[in-house]
Amino acid sequence: MRSAPFCLAAAAMTLCSLFGLSCGGGQRSAPAMTSAVIVSETRIDCVVGSRLVLPLTAVPVNADRATGTVPVSLEDGRELSARLYRVGVTVEPSPASGTLGDLWLPLPGAWTAEPLSDRSGARGGTIVALVDLPADIASSPSIVVGNTRYPLNHLPVPTTLASPTGPLGDPWRPSAPAEADARQLIDAIAAESRTPLGRWRYRLIVDGLRPLAIGEPDGPSVLPPFENPVIEAIAQQNEDRWRIALFRLWVEDADLANRLKRRLSAIVRFADNRSAPAWPTDHAALDRLLSSLLDPRLSAGRRAEVAEAWIAAQPQAVAWVIDDGGVLDAQRRPLGAVGIANLEERGTLAWAQPAGAAPSGDVAPLPPYTAVEITTPLVMPTPDATVPVSLLAAHAGDWERPLSVLPGAVPVTPPGLSVTSLSPDLTMDAWLASTPPQQRFEWGTTALLHRPAPPPGAAPTAARSRVWELLVECRLVPGVGSLTNESVRLYFGPTGAPSSVLRVDIAGEVVAERRRNELISVPSTVQVIRAADRWTFRLELPPGAVELDGLVRLAVIRTDALGRRSTWPRPMLPWQTEPGRAAADTTAWGE
């Protein structure tokens, strides 16, 4: 168990990381218990004449709770205006909109900042001190907050930095990929503009962090400032510090600065020229990078080393399974399909193969910051294998990642093929970490592909002519969301060319959204059994779902009461319109 002081320090480090601050754990002139605690490395970075936002682990003992102020003074004894606020963020359980940015990126939440005083009813959140810095702050080497002295690292006013002239080019060139569709890209990154912790990155992509006022009519940014001045000060502080750090690196090595910008705001081009963010979100690691780049003791060569080391430590590529069996080879054996994304500046080759085998699938060129889809044969596990999966190795040049896929056609034996869980759509964080998101139990969905018992006295029939059905159960939380959203879509047949797509809603209505043969009949309704926390239905597989050799290629998509999508056998990218399939062998059932 951690000691109390260590826990306090860890919590405060989190606060600094969240605000993107490089605050200094300075020389204390009084015992720690009577001081404001600003956890940091060695200093406070401040922009001359700006507003400084300092996160505190506690209200200093010498703060005036009645007025919500705290003593702050400079080296020469001048006292500054410093008010205390409680900053909080509320994140709703479902996306605020259906835009790609809200589905792929962490939700920005609703940010608030309330004055802190005995009369304030606000609780929780993070306590911050808002300090208005004078124009001549550069004459003071330190600042005293509460009873603690902190050294200052003075940063220049951003508007005094160089304009885009000279042989090095434009220091404020946007990092947006030239080939990206501008309107679609804005939709993909919009969520980042609505959080004070991420607006700097949005602006880096859109206007290169050019030092112009937010909302300036002639400026490239069309973003309005945050309504709350404290939240706006947090956003401006993050922008200024990144702007100055990247500009200093650009002066020393323009090519390296541009590469760092692209990696900090990485955008990957997927199929159909769709762009989506793939940037790092570890605030603590980003803060360490920013703090190092702003270190006044850092030599020019060392600053470049810091940037190169950070870039080298980032993931080279990402790989994920797209399809487990929706496409067959010439012998009607299921093929696997994986996605591979290149997160590096140089192009390479991408391929996938059964683990330990020679390359036998597609090999495709993989340009920088681009994703491709690769198909590969599958290798069935040995009969004594304890885990019924086939292992693939995804490659991007010398980078390799193992992936587990279903082992070809899965035998369906009594009591049936059980689908124990559906996965929500991939988010950027889950995709980067190669960790499929997990659905909460209370919103879980299960299904069973089986052969129902024949009527009493019925004669045995060949396995391929038997009736097969799906039993589906969808759990929900009573009173949350809208039941009109509740529906299940069932995909049958090959990936990309389904034989039928059936939609069943909570009222039992069945709609054939797609069917290869219009003469194929499907029921217009099914019986739905309703309970307070779930709904269940049975559906006989439509004609053609069981193929001539007994294969069933199947995917299940559920949309819940909150409008969220979950899928089996694989989670989908938010913009993906059709799921991959699992292949099931019904001939294994027997009599």
# chains A, B, ... in the order shown; residues from 1 in each chain; ligands from 1
$ residues_around --residues "Val87 in chain A" --least-positions-apart "4" --cutoff "12 Å" --atoms "only C-alpha atoms" --output "PyMOL selection string"
chain A and resi 15+18-19+53-56+110-116+122-130+196+228-234
$ closest_residue --among "A:Pro60, A:Gly590, A:Pro141, A:Pro402" --to "Arg451 in chain A" --atoms "only C-alpha atoms"
A:Gly590
$ closest_residue --among "A:Leu448, A:Ala584, A:Ala319, A:Val504" --to "Val410 in chain A" --atoms "only C-alpha atoms"
A:Ala584
$ residues_around --residues "Ile311 in chain A" --least-positions-apart "6" --cutoff "10 Å" --atoms "only C-alpha atoms" --output "ChimeraX atom specification"
/A:256,259-260,263-264,305,344
$ select_by_dssp --residues "range 388-472 of chain A" --states "helix (DSSP H, G or I)" --output "compact mmCIF listing (two decimals) with N, CA and C atoms, in the first residue's frame"
# COMPACT_ATOMS: atom_id res chain seq x y z
N MET A 428 -10.23 5.57 -30.76
CA MET A 428 -8.82 5.76 -31.10
C MET A 428 -7.91 5.14 -30.06
N ASP A 429 -8.21 5.35 -28.78
CA ASP A 429 -7.36 4.81 -27.72
C ASP A 429 -7.34 3.28 -27.74
N ALA A 430 -8.51 2.66 -27.92
CA ALA A 430 -8.58 1.19 -27.96
C ALA A 430 -7.87 0.65 -29.19
N TRP A 431 -8.02 1.33 -30.31
CA TRP A 431 -7.38 0.91 -31.55
C TRP A 431 -5.85 0.99 -31.43
N LEU A 432 -5.34 2.10 -30.89
CA LEU A 432 -3.90 2.25 -30.73
C LEU A 432 -3.33 1.21 -29.77
N PHE A 441 -21.85 -5.20 -18.70
CA PHE A 441 -22.76 -6.34 -18.59
C PHE A 441 -24.21 -5.93 -18.75
N GLU A 442 -24.58 -4.79 -18.17
CA GLU A 442 -25.99 -4.40 -18.19
C GLU A 442 -26.47 -4.00 -19.58
N TRP A 443 -25.53 -3.83 -20.52
CA TRP A 443 -25.90 -3.55 -21.91
C TRP A 443 -25.48 -4.69 -22.83
N ALA A 463 -28.40 -33.08 -42.68
CA ALA A 463 -28.01 -31.92 -41.88
C ALA A 463 -28.19 -30.62 -42.65
N ARG A 464 -27.89 -30.63 -43.96
CA ARG A 464 -27.91 -29.37 -44.71
C ARG A 464 -29.32 -28.87 -45.00
N SER A 465 -30.32 -29.69 -44.80
CA SER A 465 -31.69 -29.26 -45.06
C SER A 465 -32.44 -28.89 -43.80
$ closest_residue --among "A:Ala507, A:Val501, A:Val480, A:Leu470" --to "Ala561 in chain A" --atoms "only C-alpha atoms"
A:Val480
$ closest_residue --among "A:Gly88, A:Gly208, A:Pro158, A:Pro454" --to "Arg173 in chain A" --atoms "only C-alpha atoms"
A:Gly208
$ closest_residue --among "A:Val546, A:Val321, A:Leu328, A:Ala447" --to "Leu392 in chain A" --atoms "only C-alpha atoms"
A:Val321
$ residues_around --residues "Glu513 in chain A" --least-positions-apart "4" --cutoff "10 Å" --atoms "only C-alpha atoms" --output "PyMOL selection string"
chain A and resi 489-491+500-503
$ closest_residue --among "A:Pro478, A:Val412, A:Phe537, A:Thr567" --to "Trp589 in chain A" --atoms "only C-alpha atoms"
A:Val412
$ residues_around --residues "Val144 in chain A" --least-positions-apart "2" --cutoff "6 Å" --atoms "only C-alpha atoms" --output "JSON, numbers by chain"
{"A": [72, 73, 148, 149]}
$ residues_around --residues "Arg530 in chain A" --least-positions-apart "4" --cutoff "10 Å" --atoms "only C-alpha atoms" --output "count of residues only"
8
$ residues_around --residues "Arg515 in chain A" --least-positions-apart "2" --cutoff "12 Å" --atoms "only C-alpha atoms" --output "PyMOL selection string"
chain A and resi 490-493+497-503+511-513+517-522+542-545
$ write_last_selection --atoms "N, CA and C atoms" --output "short mmCIF file (atom, residue, chain, number, x, y, z; two decimals), in the first residue's frame"
data_model
loop_
_atom_site.label_atom_id
_atom_site.label_comp_id
_atom_site.auth_asym_id
_atom_site.auth_seq_id
_atom_site.Cartn_x
_atom_site.Cartn_y
_atom_site.Cartn_z
N LEU A 490 -28.72 -8.56 -38.58
CA LEU A 490 -28.08 -9.85 -38.82
C LEU A 490 -27.60 -9.90 -40.26
N TYR A 491 -26.29 -10.09 -40.43
CA TYR A 491 -25.69 -10.17 -41.77
C TYR A 491 -25.38 -11.62 -42.09
N PHE A 492 -25.80 -12.07 -43.28
CA PHE A 492 -25.53 -13.43 -43.75
C PHE A 492 -24.81 -13.36 -45.09
N GLY A 493 -23.91 -14.32 -45.31
CA GLY A 493 -23.24 -14.39 -46.60
C GLY A 493 -21.90 -13.69 -46.62
N ALA A 497 -20.75 -8.64 -49.97
CA ALA A 497 -21.86 -9.05 -50.84
C ALA A 497 -22.80 -9.95 -50.06
N PRO A 498 -23.44 -9.45 -49.01
CA PRO A 498 -24.28 -10.31 -48.16
C PRO A 498 -25.46 -10.87 -48.93
N SER A 499 -25.82 -12.11 -48.57
CA SER A 499 -27.01 -12.70 -49.18
C SER A 499 -28.27 -12.07 -48.63
N SER A 500 -28.22 -11.65 -47.35
CA SER A 500 -29.35 -10.93 -46.75
C SER A 500 -28.89 -10.20 -45.51
N VAL A 501 -29.58 -9.09 -45.25
CA VAL A 501 -29.38 -8.31 -44.03
C VAL A 501 -30.76 -8.07 -43.43
N LEU A 502 -30.98 -8.60 -42.23
CA LEU A 502 -32.28 -8.48 -41.59
C LEU A 502 -32.16 -7.61 -40.35
N ARG A 503 -33.12 -6.73 -40.18
CA ARG A 503 -33.18 -5.87 -38.99
C ARG A 503 -34.40 -6.23 -38.17
N VAL A 511 -37.33 -6.30 -40.93
CA VAL A 511 -37.17 -5.62 -42.22
C VAL A 511 -35.98 -6.22 -42.93
N ALA A 512 -36.19 -6.64 -44.17
CA ALA A 512 -35.09 -7.14 -45.00
C ALA A 512 -34.43 -5.93 -45.66
N GLU A 513 -33.34 -5.45 -45.05
CA GLU A 513 -32.67 -4.27 -45.60
C GLU A 513 -31.89 -4.60 -46.87
N ASN A 517 -31.70 -12.28 -53.40
CA ASN A 517 -32.81 -12.76 -54.23
C ASN A 517 -34.11 -12.20 -53.67
N GLU A 518 -34.75 -11.35 -54.43
CA GLU A 518 -35.98 -10.72 -53.96
C GLU A 518 -37.11 -11.71 -53.75
N LEU A 519 -36.98 -12.91 -54.32
CA LEU A 519 -38.02 -13.92 -54.15
C LEU A 519 -37.92 -14.61 -52.80
N ILE A 520 -36.81 -14.42 -52.10
CA ILE A 520 -36.64 -15.03 -50.79
C ILE A 520 -37.59 -14.33 -49.81
N SER A 521 -38.39 -15.13 -49.13
CA SER A 521 -39.35 -14.55 -48.19
C SER A 521 -38.79 -14.59 -46.78
N VAL A 522 -39.06 -13.53 -46.03
CA VAL A 522 -38.68 -13.48 -44.62
C VAL A 522 -39.92 -13.05 -43.84
N PRO A 542 -32.87 -17.12 -42.82
CA PRO A 542 -33.56 -17.02 -44.11
C PRO A 542 -32.96 -17.99 -45.12
N PRO A 543 -33.72 -18.34 -46.18
CA PRO A 543 -33.19 -19.22 -47.23
C PRO A 543 -31.89 -18.64 -47.80
N GLY A 544 -30.91 -19.48 -47.99
CA GLY A 544 -29.62 -19.05 -48.53
C GLY A 544 -28.60 -18.70 -47.46
N ALA A 545 -29.05 -18.51 -46.20
CA ALA A 545 -28.10 -18.20 -45.14
C ALA A 545 -27.18 -19.39 -44.89
#
$ select_by_dssp --residues "range 49-140 of chain A" --states "strand (DSSP E)" --output "PyMOL selection string"
chain A and resi 51-56+72-74+82-90+110-115+126-132
$ decode --residues "range 301-337 of chain A" --atoms "N, CA, C and O atoms" --output "JSON list (two decimals), in the first residue's frame"
[["chain", "number", "residue", "atom", "x", "y", "z"],
["A", 301, "GLY", "N", 21.36, 21.40, -29.51],
["A", 301, "GLY", "CA", 21.49, 20.02, -29.91],
["A", 301, "GLY", "C", 20.70, 19.08, -29.02],
["A", 301, "GLY", "O", 20.13, 18.09, -29.49],
["A", 302, "ARG", "N", 20.67, 19.38, -27.72],
["A", 302, "ARG", "CA", 19.95, 18.53, -26.79],
["A", 302, "ARG", "C", 18.45, 18.60, -27.03],
["A", 302, "ARG", "O", 17.74, 17.60, -26.89],
["A", 303, "ARG", "N", 17.93, 19.76, -27.40],
["A", 303, "ARG", "CA", 16.50, 19.88, -27.69],
["A", 303, "ARG", "C", 16.12, 18.97, -28.85],
["A", 303, "ARG", "O", 15.08, 18.30, -28.82],
["A", 304, "ALA", "N", 16.96, 18.92, -29.87],
["A", 304, "ALA", "CA", 16.69, 18.03, -31.00],
["A", 304, "ALA", "C", 16.74, 16.57, -30.58],
["A", 304, "ALA", "O", 15.93, 15.75, -31.03],
["A", 305, "GLU", "N", 17.66, 16.23, -29.68],
["A", 305, "GLU", "CA", 17.75, 14.86, -29.19],
["A", 305, "GLU", "C", 16.49, 14.46, -28.45],
["A", 305, "GLU", "O", 16.01, 13.33, -28.59],
["A", 306, "VAL", "N", 15.96, 15.38, -27.65],
["A", 306, "VAL", "CA", 14.73, 15.11, -26.91],
["A", 306, "VAL", "C", 13.58, 14.82, -27.87],
["A", 306, "VAL", "O", 12.82, 13.86, -27.70],
["A", 307, "ALA", "N", 13.46, 15.64, -28.92],
["A", 307, "ALA", "CA", 12.38, 15.45, -29.89],
["A", 307, "ALA", "C", 12.55, 14.13, -30.64],
["A", 307, "ALA", "O", 11.58, 13.38, -30.83],
["A", 308, "GLU", "N", 13.76, 13.83, -31.07],
["A", 308, "GLU", "CA", 14.01, 12.58, -31.80],
["A", 308, "GLU", "C", 13.72, 11.37, -30.93],
["A", 308, "GLU", "O", 13.14, 10.38, -31.39],
["A", 309, "ALA", "N", 14.13, 11.44, -29.66],
["A", 309, "ALA", "CA", 13.91, 10.31, -28.76],
["A", 309, "ALA", "C", 12.43, 10.07, -28.53],
["A", 309, "ALA", "O", 11.97, 8.92, -28.48],
["A", 310, "TRP", "N", 11.66, 11.15, -28.42],
["A", 310, "TRP", "CA", 10.21, 10.99, -28.21],
["A", 310, "TRP", "C", 9.56, 10.38, -29.44],
["A", 310, "TRP", "O", 8.74, 9.46, -29.32],
["A", 311, "ILE", "N", 9.94, 10.84, -30.63],
["A", 311, "ILE", "CA", 9.37, 10.29, -31.86],
["A", 311, "ILE", "C", 9.71, 8.81, -31.98],
["A", 311, "ILE", "O", 8.87, 7.98, -32.32],
["A", 312, "ALA", "N", 10.97, 8.46, -31.67],
["A", 312, "ALA", "CA", 11.41, 7.07, -31.78],
["A", 312, "ALA", "C", 10.68, 6.15, -30.82],
["A", 312, "ALA", "O", 10.54, 4.95, -31.08],
["A", 313, "ALA", "N", 10.21, 6.70, -29.69],
["A", 313, "ALA", "CA", 9.52, 5.88, -28.68],
["A", 313, "ALA", "C", 8.06, 5.63, -29.02],
["A", 313, "ALA", "O", 7.40, 4.83, -28.35],
["A", 314, "GLN", "N", 7.53, 6.29, -30.04],
["A", 314, "GLN", "CA", 6.12, 6.13, -30.39],
["A", 314, "GLN", "C", 5.90, 4.84, -31.17],
["A", 314, "GLN", "O", 6.81, 4.34, -31.83],
["A", 315, "PRO", "N", 4.70, 4.27, -31.12],
["A", 315, "PRO", "CA", 4.42, 3.04, -31.88],
["A", 315, "PRO", "C", 4.66, 3.24, -33.37],
["A", 315, "PRO", "O", 4.32, 4.28, -33.94],
["A", 316, "GLN", "N", 5.27, 2.23, -34.00],
["A", 316, "GLN", "CA", 5.53, 2.29, -35.44],
["A", 316, "GLN", "C", 4.29, 2.04, -36.27],
["A", 316, "GLN", "O", 4.14, 2.60, -37.36],
["A", 317, "ALA", "N", 3.42, 1.19, -35.78],
["A", 317, "ALA", "CA", 2.27, 0.76, -36.58],
["A", 317, "ALA", "C", 1.18, 0.24, -35.66],
["A", 317, "ALA", "O", 1.38, 0.09, -34.45],
["A", 318, "VAL", "N", 0.02, -0.02, -36.25],
["A", 318, "VAL", "CA", -1.12, -0.61, -35.55],
["A", 318, "VAL", "C", -1.70, -1.70, -36.44],
["A", 318, "VAL", "O", -1.75, -1.55, -37.67],
["A", 319, "ALA", "N", -2.11, -2.80, -35.84],
["A", 319, "ALA", "CA", -2.75, -3.88, -36.60],
["A", 319, "ALA", "C", -4.00, -4.35, -35.85],
["A", 319, "ALA", "O", -4.02, -4.37, -34.62],
["A", 320, "TRP", "N", -5.03, -4.70, -36.59],
["A", 320, "TRP", "CA", -6.27, -5.17, -35.99],
["A", 320, "TRP", "C", -6.97, -6.13, -36.96],
["A", 320, "TRP", "O", -6.75, -6.10, -38.17],
["A", 321, "VAL", "N", -7.82, -7.00, -36.40],
["A", 321, "VAL", "CA", -8.54, -7.97, -37.21],
["A", 321, "VAL", "C", -9.83, -7.33, -37.73],
["A", 321, "VAL", "O", -10.60, -6.75, -36.97],
["A", 322, "ILE", "N", -10.07, -7.46, -39.02],
["A", 322, "ILE", "CA", -11.27, -6.91, -39.64],
["A", 322, "ILE", "C", -12.30, -8.00, -39.91],
["A", 322, "ILE", "O", -13.50, -7.81, -39.70],
["A", 323, "ASP", "N", -11.83, -9.17, -40.37],
["A", 323, "ASP", "CA", -12.76, -10.22, -40.80],
["A", 323, "ASP", "C", -12.16, -11.58, -40.45],
["A", 323, "ASP", "O", -10.97, -11.82, -40.67],
["A", 324, "ASP", "N", -13.01, -12.49, -39.92],
["A", 324, "ASP", "CA", -12.54, -13.82, -39.53],
["A", 324, "ASP", "C", -12.93, -14.91, -40.51],
["A", 324, "ASP", "O", -12.52, -16.05, -40.34],
["A", 325, "GLY", "N", -13.75, -14.60, -41.50],
["A", 325, "GLY", "CA", -14.16, -15.69, -42.38],
["A", 325, "GLY", "C", -15.22, -15.32, -43.38],
["A", 325, "GLY", "O", -15.92, -16.19, -43.91],
["A", 326, "GLY", "N", -15.36, -14.05, -43.70],
["A", 326, "GLY", "CA", -16.39, -13.63, -44.65],
["A", 326, "GLY", "C", -16.01, -13.84, -46.10],
["A", 326, "GLY", "O", -16.86, -13.76, -46.99],
["A", 327, "VAL", "N", -14.72, -14.09, -46.36],
["A", 327, "VAL", "CA", -14.24, -14.32, -47.72],
["A", 327, "VAL", "C", -13.59, -15.70, -47.76],
["A", 327, "VAL", "O", -12.86, -16.08, -46.84],
["A", 328, "LEU", "N", -13.84, -16.46, -48.84],
["A", 328, "LEU", "CA", -13.32, -17.82, -48.99],
["A", 328, "LEU", "C", -12.32, -17.89, -50.14],
["A", 328, "LEU", "O", -12.41, -17.10, -51.09],
["A", 329, "ASP", "N", -11.39, -18.84, -50.04],
["A", 329, "ASP", "CA", -10.47, -19.06, -51.15],
["A", 329, "ASP", "C", -11.10, -20.01, -52.17],
["A", 329, "ASP", "O", -12.29, -20.37, -52.06],
["A", 330, "ALA", "N", -10.32, -20.43, -53.14],
["A", 330, "ALA", "CA", -10.87, -21.27, -54.21],
["A", 330, "ALA", "C", -11.37, -22.61, -53.69],
["A", 330, "ALA", "O", -12.27, -23.23, -54.29],
["A", 331, "GLN", "N", -10.83, -23.09, -52.59],
["A", 331, "GLN", "CA", -11.28, -24.34, -51.96],
["A", 331, "GLN", "C", -12.34, -24.09, -50.90],
["A", 331, "GLN", "O", -12.65, -24.97, -50.11],
["A", 332, "ARG", "N", -12.89, -22.88, -50.88],
["A", 332, "ARG", "CA", -13.92, -22.45, -49.93],
["A", 332, "ARG", "C", -13.44, -22.56, -48.48],
["A", 332, "ARG", "O", -14.19, -22.90, -47.57],
["A", 333, "ARG", "N", -12.19, -22.24, -48.28],
["A", 333, "ARG", "CA", -11.65, -22.12, -46.93],
["A", 333, "ARG", "C", -11.64, -20.66, -46.55],
["A", 333, "ARG", "O", -11.25, -19.79, -47.35],
["A", 334, "PRO", "N", -12.09, -20.36, -45.33],
["A", 334, "PRO", "CA", -12.15, -18.94, -44.91],
["A", 334, "PRO", "C", -10.76, -18.29, -44.90],
["A", 334, "PRO", "O", -9.76, -18.90, -44.53],
["A", 335, "LEU", "N", -10.73, -17.04, -45.33],
["A", 335, "LEU", "CA", -9.53, -16.21, -45.27],
["A", 335, "LEU", "C", -9.69, -15.19, -44.15],
["A", 335, "LEU", "O", -10.80, -14.75, -43.84],
["A", 336, "GLY", "N", -8.58, -14.81, -43.56],
["A", 336, "GLY", "CA", -8.60, -13.75, -42.57],
["A", 336, "GLY", "C", -8.29, -12.42, -43.22],
["A", 336, "GLY", "O", -7.63, -12.35, -44.25],
["A", 337, "ALA", "N", -8.79, -11.34, -42.65],
["A", 337, "ALA", "CA", -8.49, -9.99, -43.14],
["A", 337, "ALA", "C", -8.09, -9.13, -41.96],
["A", 337, "ALA", "O", -8.79, -9.09, -40.94]]
